[in-house]
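Colleague: Structure file upload-v4.cif (mmCIF, C-alpha atoms) is given on the next line.
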```cif
data_model
#
loop_
_atom_site.group_PDB
_atom_site.id
_atom_site.type_symbol
_atom_site.label_atom_id
_atom_site.label_comp_id
_atom_site.auth_asym_id
_atom_site.auth_seq_id
_atom_site.Cartn_x
_atom_site.Cartn_y
_atom_site.Cartn_z
ATOM 1 C CA SER A 11 -7.869 19.651 -15.711
ATOM 2 C CA GLY A 12 -6.158 19.108 -12.407
ATOM 3 C CA SER A 13 -3.137 17.629 -10.645
ATOM 4 C CA ALA A 14 -2.244 14.524 -8.624
ATOM 5 C CA HIS A 15 0.719 13.084 -6.744
ATOM 6 C CA THR A 16 1.518 10.029 -4.630
ATOM 7 C CA PHE A 17 4.438 9.500 -2.251
ATOM 8 C CA LYS A 18 5.317 6.241 -0.489
ATOM 9 C CA VAL A 19 8.257 5.236 1.694
ATOM 10 C CA SER A 20 8.706 1.934 3.540
ATOM 11 C CA PRO A 21 11.987 1.357 5.391
ATOM 12 C CA THR A 22 12.591 -2.256 6.427
ATOM 13 C CA ALA A 23 14.852 -3.768 9.088
ATOM 14 C CA LEU A 24 15.601 -7.507 9.105
ATOM 15 C CA TYR A 25 17.833 -9.560 11.380
ATOM 16 C CA CYS A 26 19.357 -12.764 9.950
ATOM 17 C CA PHE A 27 19.227 -15.094 12.960
ATOM 18 C CA LYS A 28 20.253 -18.205 10.992
ATOM 19 C CA ASP A 29 21.573 -18.952 7.498
ATOM 20 C CA ASP A 30 18.884 -18.064 4.940
ATOM 21 C CA LEU A 31 16.337 -16.986 7.636
ATOM 22 C CA ALA A 32 15.516 -13.441 8.718
ATOM 23 C CA ALA A 33 12.890 -11.683 10.847
ATOM 24 C CA GLY A 34 12.144 -8.013 11.298
ATOM 25 C CA GLY A 35 9.753 -5.217 10.584
ATOM 26 C CA ARG A 36 8.710 -2.532 8.172
ATOM 27 C CA PHE A 37 7.106 0.878 8.639
ATOM 28 C CA SER A 38 5.229 2.306 5.653
ATOM 29 C CA PHE A 39 3.826 5.761 4.989
ATOM 30 C CA GLU A 40 1.765 6.617 1.928
ATOM 31 C CA HIS A 41 0.361 10.020 0.993
ATOM 32 C CA SER A 42 -1.666 10.989 -2.072
ATOM 33 C CA ARG A 43 -3.444 14.124 -3.250
ATOM 34 C CA VAL A 44 -5.774 14.708 -6.189
ATOM 35 C CA LYS A 45 -7.130 18.099 -7.201
ATOM 36 C CA MET A 46 -9.494 18.306 -10.180
ATOM 37 C CA ASP A 47 -10.669 21.765 -11.189
ATOM 38 C CA ASP A 48 -12.927 20.658 -14.021
ATOM 39 C CA GLY A 49 -13.803 17.192 -15.294
ATOM 40 C CA SER A 50 -16.441 15.636 -17.479
ATOM 41 C CA LEU A 51 -17.169 12.067 -18.616
ATOM 42 C CA LYS A 52 -19.750 11.310 -21.287
ATOM 43 C CA ILE A 53 -20.436 7.607 -21.834
ATOM 44 C CA SER A 54 -23.630 7.944 -23.874
ATOM 45 C CA GLU A 55 -26.429 10.456 -24.483
ATOM 46 C CA ASP A 56 -28.104 9.460 -21.210
ATOM 47 C CA THR A 57 -25.001 8.852 -19.104
ATOM 48 C CA HIS A 58 -22.937 11.930 -18.328
ATOM 49 C CA PHE A 59 -20.861 12.734 -15.203
ATOM 50 C CA ASP A 60 -19.394 16.105 -14.187
ATOM 51 C CA ALA A 61 -16.880 16.756 -11.416
ATOM 52 C CA ASP A 62 -15.936 20.330 -10.581
ATOM 53 C CA ASN A 63 -13.706 21.412 -7.702
ATOM 54 C CA LEU A 64 -12.954 17.854 -6.575
ATOM 55 C CA TYR A 65 -10.236 17.581 -3.912
ATOM 56 C CA SER A 66 -8.989 14.408 -2.221
ATOM 57 C CA ILE A 67 -6.143 13.872 0.233
ATOM 58 C CA ARG A 68 -5.207 10.549 1.848
ATOM 59 C CA SER A 69 -2.515 9.419 4.323
ATOM 60 C CA ASN A 70 -1.962 5.855 5.569
ATOM 61 C CA TYR A 71 0.509 4.318 8.042
ATOM 62 C CA TYR A 72 1.402 0.634 8.397
ATOM 63 C CA ALA A 73 3.579 -1.387 10.786
ATOM 64 C CA THR A 74 4.478 -4.839 9.485
ATOM 65 C CA ALA A 75 6.144 -7.857 11.117
ATOM 66 C CA LEU A 76 8.161 -9.926 8.608
ATOM 67 C CA PHE A 77 9.633 -13.400 8.366
ATOM 68 C CA ARG A 78 11.749 -14.191 5.305
ATOM 69 C CA ASN A 79 13.573 -17.268 4.026
ATOM 70 C CA TYR A 80 16.085 -17.189 1.160
ATOM 71 C CA PHE A 81 16.887 -19.767 -1.541
ATOM 72 C CA SER A 82 20.168 -19.121 -3.339
ATOM 73 C CA LEU A 83 20.742 -19.872 -6.999
ATOM 74 C CA GLY A 84 24.096 -21.577 -7.418
ATOM 75 C CA SER A 85 27.049 -21.682 -5.092
ATOM 76 C CA GLY A 86 27.926 -17.965 -5.350
ATOM 77 C CA LYS A 87 24.900 -16.872 -3.280
ATOM 78 C CA ARG A 88 24.656 -13.576 -5.213
ATOM 79 C CA PHE A 89 21.281 -14.381 -6.795
ATOM 80 C CA GLY A 90 18.318 -15.975 -5.133
ATOM 81 C CA PHE A 91 14.645 -16.148 -4.383
ATOM 82 C CA PHE A 92 12.864 -15.396 -1.123
ATOM 83 C CA ASN A 93 9.476 -15.930 0.480
ATOM 84 C CA GLU A 94 8.237 -13.335 2.913
ATOM 85 C CA VAL A 95 5.343 -13.769 5.369
ATOM 86 C CA GLN A 96 3.832 -10.482 6.542
ATOM 87 C CA LEU A 97 1.474 -9.412 9.324
ATOM 88 C CA SER A 98 0.486 -5.780 8.915
ATOM 89 C CA LEU A 99 -1.496 -3.366 11.114
ATOM 90 C CA GLY A 100 -2.312 0.079 9.819
ATOM 91 C CA GLY A 101 -4.570 3.041 9.740
ATOM 92 C CA GLY A 102 -5.093 6.311 8.072
ATOM 93 C CA ARG A 103 -7.397 9.123 7.184
ATOM 94 C CA SER A 104 -8.729 10.752 4.070
ATOM 95 C CA LYS A 105 -10.707 13.810 3.109
ATOM 96 C CA LEU A 106 -12.805 14.288 -0.020
ATOM 97 C CA SER A 107 -14.579 17.503 -0.978
ATOM 98 C CA ASN A 108 -16.613 18.269 -4.062
ATOM 99 C CA GLY A 109 -18.228 21.450 -5.344
ATOM 100 C CA SER A 110 -18.036 25.020 -4.092
ATOM 101 C CA GLY A 111 -20.235 27.563 -2.346
ATOM 102 C CA ASP A 112 -23.732 26.246 -1.607
ATOM 103 C CA THR A 113 -23.026 22.954 -3.409
ATOM 104 C CA LEU A 114 -19.939 22.102 -1.314
ATOM 105 C CA THR A 115 -20.045 18.612 0.152
ATOM 106 C CA GLY A 116 -17.312 16.691 1.934
ATOM 107 C CA THR A 117 -16.466 13.406 3.620
ATOM 108 C CA TYR A 118 -13.818 12.671 6.261
ATOM 109 C CA GLU A 119 -12.781 9.032 6.810
ATOM 110 C CA ARG A 120 -10.632 7.168 9.327
ATOM 111 C CA ASN A 121 -9.666 3.538 8.762
ATOM 112 C CA PHE A 122 -7.994 0.620 10.488
ATOM 113 C CA SER A 123 -6.661 -2.412 8.607
ATOM 114 C CA LEU A 124 -5.196 -5.826 9.368
ATOM 115 C CA ASP A 125 -3.493 -7.819 6.599
ATOM 116 C CA ILE A 126 -1.699 -11.176 6.373
ATOM 117 C CA GLY A 127 0.230 -11.917 3.202
ATOM 118 C CA LEU A 128 2.832 -13.968 1.384
ATOM 119 C CA THR A 129 5.266 -12.174 -0.922
ATOM 120 C CA PRO A 130 7.715 -14.113 -3.104
ATOM 121 C CA GLY A 131 10.578 -12.284 -4.768
ATOM 122 C CA PHE A 132 13.949 -12.296 -6.488
ATOM 123 C CA ILE A 133 17.070 -10.793 -4.889
ATOM 124 C CA MET A 134 20.492 -9.881 -6.243
ATOM 125 C CA PHE A 135 23.224 -9.176 -3.684
ATOM 126 C CA LEU A 136 25.510 -6.376 -4.875
ATOM 127 C CA SER A 137 27.857 -6.882 -1.915
ATOM 128 C CA ASN A 138 27.668 -8.399 1.558
ATOM 129 C CA TYR A 139 25.846 -5.260 2.717
ATOM 130 C CA SER A 140 23.456 -4.322 -0.120
ATOM 131 C CA ALA A 141 21.000 -5.948 -2.515
ATOM 132 C CA LEU A 142 18.405 -5.172 -5.156
ATOM 133 C CA GLU A 143 15.087 -6.980 -4.971
ATOM 134 C CA VAL A 144 11.852 -7.400 -6.889
ATOM 135 C CA ASN A 145 8.758 -8.863 -5.249
ATOM 136 C CA VAL A 146 5.082 -9.377 -5.949
ATOM 137 C CA GLY A 147 2.211 -9.758 -3.497
ATOM 138 C CA VAL A 148 0.458 -12.993 -4.443
ATOM 139 C CA LEU A 149 -1.455 -14.354 -1.492
ATOM 140 C CA GLY A 150 -3.154 -12.452 1.274
ATOM 141 C CA PHE A 151 -6.124 -11.866 3.514
ATOM 142 C CA GLY A 152 -7.238 -8.502 4.841
ATOM 143 C CA TYR A 153 -9.805 -6.703 6.978
ATOM 144 C CA THR A 154 -10.539 -2.966 6.970
ATOM 145 C CA HIS A 155 -12.872 -0.943 9.199
ATOM 146 C CA THR A 156 -13.752 2.575 8.027
ATOM 147 C CA LYS A 157 -15.708 5.317 9.769
ATOM 148 C CA ALA A 158 -16.938 8.119 7.502
ATOM 149 C CA VAL A 159 -18.521 11.460 8.392
ATOM 150 C CA THR A 160 -20.204 13.301 5.511
ATOM 151 C CA ASP A 161 -20.989 17.022 5.723
ATOM 152 C CA GLN A 162 -20.268 16.851 9.483
ATOM 153 C CA ILE A 163 -23.705 15.264 9.955
ATOM 154 C CA TYR A 164 -23.998 11.772 8.504
ATOM 155 C CA VAL A 165 -21.916 9.003 10.112
ATOM 156 C CA SER A 166 -21.384 5.598 8.554
ATOM 157 C CA HIS A 167 -19.282 2.533 9.330
ATOM 158 C CA ARG A 168 -17.984 0.141 6.690
ATOM 159 C CA ASN A 169 -16.248 -3.219 7.177
ATOM 160 C CA SER A 170 -14.588 -5.005 4.293
ATOM 161 C CA LYS A 171 -12.739 -8.282 3.992
ATOM 162 C CA HIS A 172 -10.702 -9.470 1.030
ATOM 163 C CA ALA A 173 -8.644 -12.415 -0.123
ATOM 164 C CA ASN A 174 -6.047 -12.331 -2.887
ATOM 165 C CA PHE A 175 -4.917 -15.513 -4.653
ATOM 166 C CA LYS A 176 -3.533 -14.197 -7.937
ATOM 167 C CA ILE A 177 -0.602 -12.250 -9.325
ATOM 168 C CA ASN A 178 -1.401 -8.571 -9.743
ATOM 169 C CA LEU A 179 1.065 -6.779 -12.023
ATOM 170 C CA PHE A 180 0.344 -3.532 -10.160
ATOM 171 C CA SER A 181 1.598 -5.065 -6.892
ATOM 172 C CA ILE A 182 5.159 -5.588 -8.185
ATOM 173 C CA SER A 183 7.621 -3.557 -6.157
ATOM 174 C CA PHE A 184 11.318 -2.835 -6.562
ATOM 175 C CA GLY A 185 13.600 -2.131 -3.626
ATOM 176 C CA VAL A 186 17.109 -1.630 -2.355
ATOM 177 C CA MET A 187 18.114 -3.401 0.867
ATOM 178 C CA PHE A 188 21.082 -2.552 3.077
ATOM 179 C CA TYR A 189 22.426 -5.166 5.505
ATOM 180 C CA ILE A 190 24.361 -4.469 8.695
#
```
Can you present the structure in this file as structure tokens?

Modeller:
Amino acid sequence: SGSAHTFKVSPTALYCFKDDLAAGGRFSFEHSRVKMDDGSLKISEDTHFDADNLYSIRSNYYATALFRNYFSLGSGKRFGFFNEVQLSLGGGRSKLSNGSGDTLTGTYERNFSLDIGLTPGFIMFLSNYSALEVNVGVLGFGYTHTKAVTDQIYVSHRNSKHANFKINLFSISFGVMFYI
């Protein structure tokens, strides 16, 4: 038993400096919270996990530089595809606590990330000033540095690198764009 929520907002501003070419930026904020009062997982007779009074909260911020080129379908220029190259810098913090009373344990983390990615997508212009779009993150490289402090005593540092070369159905995003 428990509750969870996630909230994400990412306003984007692009300037079309030439036909079918745009550059700009995006700011993203993501916040999530999970609270589990009582949980149990039994895989087999010997493998059993319990989680009581588990609480997690996470907030991340990202600033992204964008370059986008458009390819229209047909002469009407209402439908088209785009490719977007992204360079993203971000950071955030998270807190995880488990247990209660004498068994309470907790970890506080701060992270920094750098990501480079390619995002193809489909766009449908509703008017000269608005559009609907669907995109999927396909190709990217990333680096994350995390510093964790557990029980206000133990300090650890973790570096991770990743590369993505496949379509992930969970990375599909839908958006509404407004043009000035």

Colleague: Report as an mmCIF file with C-alpha atoms, in the frame of the given file the residues that result from applying the PyMOL selection byres ((chain A and resi 82-93) around 12) to the structure here.

Modeller:
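Produced file result.cif, reproduced below:
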```cif
data_model
loop_
_atom_site.group_PDB
_atom_site.id
_atom_site.type_symbol
_atom_site.label_atom_id
_atom_site.label_comp_id
_atom_site.auth_asym_id
_atom_site.auth_seq_id
_atom_site.Cartn_x
_atom_site.Cartn_y
_atom_site.Cartn_z
ATOM 1 C CA ASP A 29 21.573 -18.952 7.498
ATOM 2 C CA ASP A 30 18.884 -18.064 4.940
ATOM 3 C CA LEU A 31 16.337 -16.986 7.636
ATOM 4 C CA ALA A 32 15.516 -13.441 8.718
ATOM 5 C CA ALA A 33 12.890 -11.683 10.847
ATOM 6 C CA LEU A 76 8.161 -9.926 8.608
ATOM 7 C CA PHE A 77 9.633 -13.400 8.366
ATOM 8 C CA ARG A 78 11.749 -14.191 5.305
ATOM 9 C CA ASN A 79 13.573 -17.268 4.026
ATOM 10 C CA TYR A 80 16.085 -17.189 1.160
ATOM 11 C CA PHE A 81 16.887 -19.767 -1.541
ATOM 12 C CA GLU A 94 8.237 -13.335 2.913
ATOM 13 C CA VAL A 95 5.343 -13.769 5.369
ATOM 14 C CA GLN A 96 3.832 -10.482 6.542
ATOM 15 C CA GLY A 127 0.230 -11.917 3.202
ATOM 16 C CA LEU A 128 2.832 -13.968 1.384
ATOM 17 C CA THR A 129 5.266 -12.174 -0.922
ATOM 18 C CA PRO A 130 7.715 -14.113 -3.104
ATOM 19 C CA GLY A 131 10.578 -12.284 -4.768
ATOM 20 C CA PHE A 132 13.949 -12.296 -6.488
ATOM 21 C CA ILE A 133 17.070 -10.793 -4.889
ATOM 22 C CA MET A 134 20.492 -9.881 -6.243
ATOM 23 C CA PHE A 135 23.224 -9.176 -3.684
ATOM 24 C CA LEU A 136 25.510 -6.376 -4.875
ATOM 25 C CA SER A 137 27.857 -6.882 -1.915
ATOM 26 C CA ASN A 138 27.668 -8.399 1.558
ATOM 27 C CA TYR A 139 25.846 -5.260 2.717
ATOM 28 C CA SER A 140 23.456 -4.322 -0.120
ATOM 29 C CA ALA A 141 21.000 -5.948 -2.515
ATOM 30 C CA LEU A 142 18.405 -5.172 -5.156
ATOM 31 C CA GLU A 143 15.087 -6.980 -4.971
ATOM 32 C CA VAL A 144 11.852 -7.400 -6.889
ATOM 33 C CA ASN A 145 8.758 -8.863 -5.249
ATOM 34 C CA VAL A 146 5.082 -9.377 -5.949
ATOM 35 C CA GLY A 147 2.211 -9.758 -3.497
ATOM 36 C CA VAL A 148 0.458 -12.993 -4.443
ATOM 37 C CA LEU A 149 -1.455 -14.354 -1.492
#
```

Colleague: One number please: CA of Gly150 (chain A) to CA of Phe27 (chain A), in Å, one decimal.

Modeller: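 Interatomic distance here is 25.4 Å.
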
Colleague: Once the PyMOL selection byres ((chain A and resi 44) around 8) is applied to the coordinates I shared, what remains selected? I want it as a list of chain:residue names.

Modeller: A:Gly12, A:Ser13, A:Ala14, A:His15, A:Ser42, A:Arg43, A:Lys45, A:Met46, A:Leu64, A:Tyr65, A:Ser66, A:Ile67

Colleague: Just checking: using all atoms listed in the file, which residue out of A:Gly185, A:Gly100, A:Gly34, A:Gly109 ends up closest to Asp48 (chain A)?

Modeller: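 Of A:Gly185, A:Gly100, A:Gly34, A:Gly109, the one nearest Asp48 (chain A) is A:Gly109, counting all atoms listed in the file.
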
Colleague: Residues picked by the PyMOL selection byres ((chain A and resi 116) around 7) here, as a PyMOL selection string?

Modeller: chain A and resi 106-108+114-115+117-118+160-161

Colleague: Go ahead and save the picked residues with C-alpha atoms, as a short mmCIF file (atom, residue, chain, number, x, y, z; two decimals), in the coordinates of the input.

Modeller:
```
data_model
loop_
_atom_site.label_atom_id
_atom_site.label_comp_id
_atom_site.auth_asym_id
_atom_site.auth_seq_id
_atom_site.Cartn_x
_atom_site.Cartn_y
_atom_site.Cartn_z
CA LEU A 106 -12.80 14.29 -0.02
CA SER A 107 -14.58 17.50 -0.98
CA ASN A 108 -16.61 18.27 -4.06
CA LEU A 114 -19.94 22.10 -1.31
CA THR A 115 -20.05 18.61 0.15
CA THR A 117 -16.47 13.41 3.62
CA TYR A 118 -13.82 12.67 6.26
CA THR A 160 -20.20 13.30 5.51
CA ASP A 161 -20.99 17.02 5.72
#
```

Colleague: What would region 118-129 of chain A look like with all heavy atoms in place, written as a PDB file, in the frame of the given file?

Modeller:
```pdb
ATOM      1  N   TYR A 118     -15.053  12.952   5.523  1.00  0.00           N
ATOM      2  CA  TYR A 118     -13.818  12.671   6.261  1.00  0.00           C
ATOM      3  C   TYR A 118     -13.884  11.221   6.712  1.00  0.00           C
ATOM      4  O   TYR A 118     -14.897  10.777   7.260  1.00  0.00           O
ATOM      5  CB  TYR A 118     -13.703  13.614   7.468  1.00  0.00           C
ATOM      6  CG  TYR A 118     -12.498  13.345   8.320  1.00  0.00           C
ATOM      7  CD1 TYR A 118     -11.244  13.790   7.927  1.00  0.00           C
ATOM      8  CD2 TYR A 118     -12.607  12.647   9.514  1.00  0.00           C
ATOM      9  CE1 TYR A 118     -10.132  13.552   8.703  1.00  0.00           C
ATOM     10  CE2 TYR A 118     -11.498  12.401  10.297  1.00  0.00           C
ATOM     11  CZ  TYR A 118     -10.266  12.853   9.889  1.00  0.00           C
ATOM     12  OH  TYR A 118      -9.157  12.604  10.654  1.00  0.00           O
ATOM     13  N   GLU A 119     -12.807  10.447   6.450  1.00  0.00           N
ATOM     14  CA  GLU A 119     -12.781   9.032   6.810  1.00  0.00           C
ATOM     15  C   GLU A 119     -11.551   8.702   7.640  1.00  0.00           C
ATOM     16  O   GLU A 119     -10.482   9.253   7.420  1.00  0.00           O
ATOM     17  CB  GLU A 119     -12.753   8.141   5.560  1.00  0.00           C
ATOM     18  CG  GLU A 119     -13.999   8.152   4.752  1.00  0.00           C
ATOM     19  CD  GLU A 119     -13.947   7.177   3.590  1.00  0.00           C
ATOM     20  OE1 GLU A 119     -12.846   6.679   3.248  1.00  0.00           O
ATOM     21  OE2 GLU A 119     -15.008   6.904   3.021  1.00  0.00           O
ATOM     22  N   ARG A 120     -11.731   7.777   8.575  1.00  0.00           N
ATOM     23  CA  ARG A 120     -10.632   7.168   9.327  1.00  0.00           C
ATOM     24  C   ARG A 120     -10.757   5.662   9.138  1.00  0.00           C
ATOM     25  O   ARG A 120     -11.862   5.129   9.134  1.00  0.00           O
ATOM     26  CB  ARG A 120     -10.697   7.523  10.803  1.00  0.00           C
ATOM     27  CG  ARG A 120     -10.468   9.001  11.064  1.00  0.00           C
ATOM     28  CD  ARG A 120     -10.303   9.308  12.540  1.00  0.00           C
ATOM     29  NE  ARG A 120      -9.108   8.730  13.091  1.00  0.00           N
ATOM     30  CZ  ARG A 120      -7.905   9.324  13.117  1.00  0.00           C
ATOM     31  NH1 ARG A 120      -7.757  10.499  12.587  1.00  0.00           N
ATOM     32  NH2 ARG A 120      -6.883   8.742  13.675  1.00  0.00           N
ATOM     33  N   ASN A 121      -9.604   4.983   8.980  1.00  0.00           N
ATOM     34  CA  ASN A 121      -9.666   3.538   8.762  1.00  0.00           C
ATOM     35  C   ASN A 121      -8.621   2.817   9.593  1.00  0.00           C
ATOM     36  O   ASN A 121      -7.628   3.395  10.016  1.00  0.00           O
ATOM     37  CB  ASN A 121      -9.512   3.208   7.269  1.00  0.00           C
ATOM     38  CG  ASN A 121      -8.148   3.547   6.741  1.00  0.00           C
ATOM     39  OD1 ASN A 121      -7.151   3.016   7.199  1.00  0.00           O
ATOM     40  ND2 ASN A 121      -8.078   4.434   5.762  1.00  0.00           N
ATOM     41  N   PHE A 122      -8.901   1.545   9.823  1.00  0.00           N
ATOM     42  CA  PHE A 122      -7.994   0.620  10.488  1.00  0.00           C
ATOM     43  C   PHE A 122      -7.951  -0.640   9.641  1.00  0.00           C
ATOM     44  O   PHE A 122      -8.988  -1.117   9.176  1.00  0.00           O
ATOM     45  CB  PHE A 122      -8.481   0.275  11.902  1.00  0.00           C
ATOM     46  CG  PHE A 122      -7.757  -0.882  12.500  1.00  0.00           C
ATOM     47  CD1 PHE A 122      -6.487  -0.711  13.030  1.00  0.00           C
ATOM     48  CD2 PHE A 122      -8.314  -2.150  12.518  1.00  0.00           C
ATOM     49  CE1 PHE A 122      -5.794  -1.789  13.569  1.00  0.00           C
ATOM     50  CE2 PHE A 122      -7.633  -3.223  13.052  1.00  0.00           C
ATOM     51  CZ  PHE A 122      -6.372  -3.035  13.579  1.00  0.00           C
ATOM     52  N   SER A 123      -6.755  -1.202   9.423  1.00  0.00           N
ATOM     53  CA  SER A 123      -6.661  -2.412   8.607  1.00  0.00           C
ATOM     54  C   SER A 123      -5.721  -3.431   9.233  1.00  0.00           C
ATOM     55  O   SER A 123      -4.775  -3.085   9.942  1.00  0.00           O
ATOM     56  CB  SER A 123      -6.203  -2.080   7.188  1.00  0.00           C
ATOM     57  OG  SER A 123      -4.903  -1.556   7.206  1.00  0.00           O
ATOM     58  N   LEU A 124      -6.002  -4.687   8.951  1.00  0.00           N
ATOM     59  CA  LEU A 124      -5.196  -5.826   9.368  1.00  0.00           C
ATOM     60  C   LEU A 124      -5.021  -6.708   8.143  1.00  0.00           C
ATOM     61  O   LEU A 124      -6.006  -7.079   7.501  1.00  0.00           O
ATOM     62  CB  LEU A 124      -5.905  -6.609  10.484  1.00  0.00           C
ATOM     63  CG  LEU A 124      -5.322  -7.966  10.850  1.00  0.00           C
ATOM     64  CD1 LEU A 124      -3.973  -7.783  11.540  1.00  0.00           C
ATOM     65  CD2 LEU A 124      -6.275  -8.726  11.752  1.00  0.00           C
ATOM     66  N   ASP A 125      -3.779  -7.023   7.791  1.00  0.00           N
ATOM     67  CA  ASP A 125      -3.493  -7.819   6.599  1.00  0.00           C
ATOM     68  C   ASP A 125      -2.472  -8.901   6.925  1.00  0.00           C
ATOM     69  O   ASP A 125      -1.540  -8.677   7.696  1.00  0.00           O
ATOM     70  CB  ASP A 125      -2.924  -6.950   5.479  1.00  0.00           C
ATOM     71  CG  ASP A 125      -3.915  -5.924   4.993  1.00  0.00           C
ATOM     72  OD1 ASP A 125      -4.913  -6.338   4.390  1.00  0.00           O
ATOM     73  OD2 ASP A 125      -3.692  -4.718   5.216  1.00  0.00           O
ATOM     74  N   ILE A 126      -2.654 -10.068   6.317  1.00  0.00           N
ATOM     75  CA  ILE A 126      -1.699 -11.176   6.373  1.00  0.00           C
ATOM     76  C   ILE A 126      -1.388 -11.540   4.931  1.00  0.00           C
ATOM     77  O   ILE A 126      -2.307 -11.687   4.122  1.00  0.00           O
ATOM     78  CB  ILE A 126      -2.284 -12.389   7.118  1.00  0.00           C
ATOM     79  CG1 ILE A 126      -2.595 -12.023   8.559  1.00  0.00           C
ATOM     80  CG2 ILE A 126      -1.337 -13.572   7.056  1.00  0.00           C
ATOM     81  CD1 ILE A 126      -3.347 -13.071   9.326  1.00  0.00           C
ATOM     82  N   GLY A 127      -0.096 -11.648   4.591  1.00  0.00           N
ATOM     83  CA  GLY A 127       0.230 -11.917   3.202  1.00  0.00           C
ATOM     84  C   GLY A 127       1.498 -12.714   3.010  1.00  0.00           C
ATOM     85  O   GLY A 127       2.323 -12.858   3.913  1.00  0.00           O
ATOM     86  N   LEU A 128       1.650 -13.239   1.818  1.00  0.00           N
ATOM     87  CA  LEU A 128       2.832 -13.968   1.384  1.00  0.00           C
ATOM     88  C   LEU A 128       3.360 -13.264   0.146  1.00  0.00           C
ATOM     89  O   LEU A 128       2.615 -13.036  -0.805  1.00  0.00           O
ATOM     90  CB  LEU A 128       2.469 -15.420   1.057  1.00  0.00           C
ATOM     91  CG  LEU A 128       3.591 -16.299   0.531  1.00  0.00           C
ATOM     92  CD1 LEU A 128       4.662 -16.488   1.601  1.00  0.00           C
ATOM     93  CD2 LEU A 128       3.043 -17.641   0.088  1.00  0.00           C
ATOM     94  N   THR A 129       4.655 -12.922   0.165  1.00  0.00           N
ATOM     95  CA  THR A 129       5.266 -12.174  -0.922  1.00  0.00           C
ATOM     96  C   THR A 129       6.524 -12.885  -1.396  1.00  0.00           C
ATOM     97  O   THR A 129       7.548 -12.835  -0.720  1.00  0.00           O
ATOM     98  CB  THR A 129       5.634 -10.752  -0.454  1.00  0.00           C
ATOM     99  OG1 THR A 129       4.473 -10.139   0.070  1.00  0.00           O
ATOM    100  CG2 THR A 129       6.179  -9.921  -1.568  1.00  0.00           C
TER     101      THR A 129
END
```
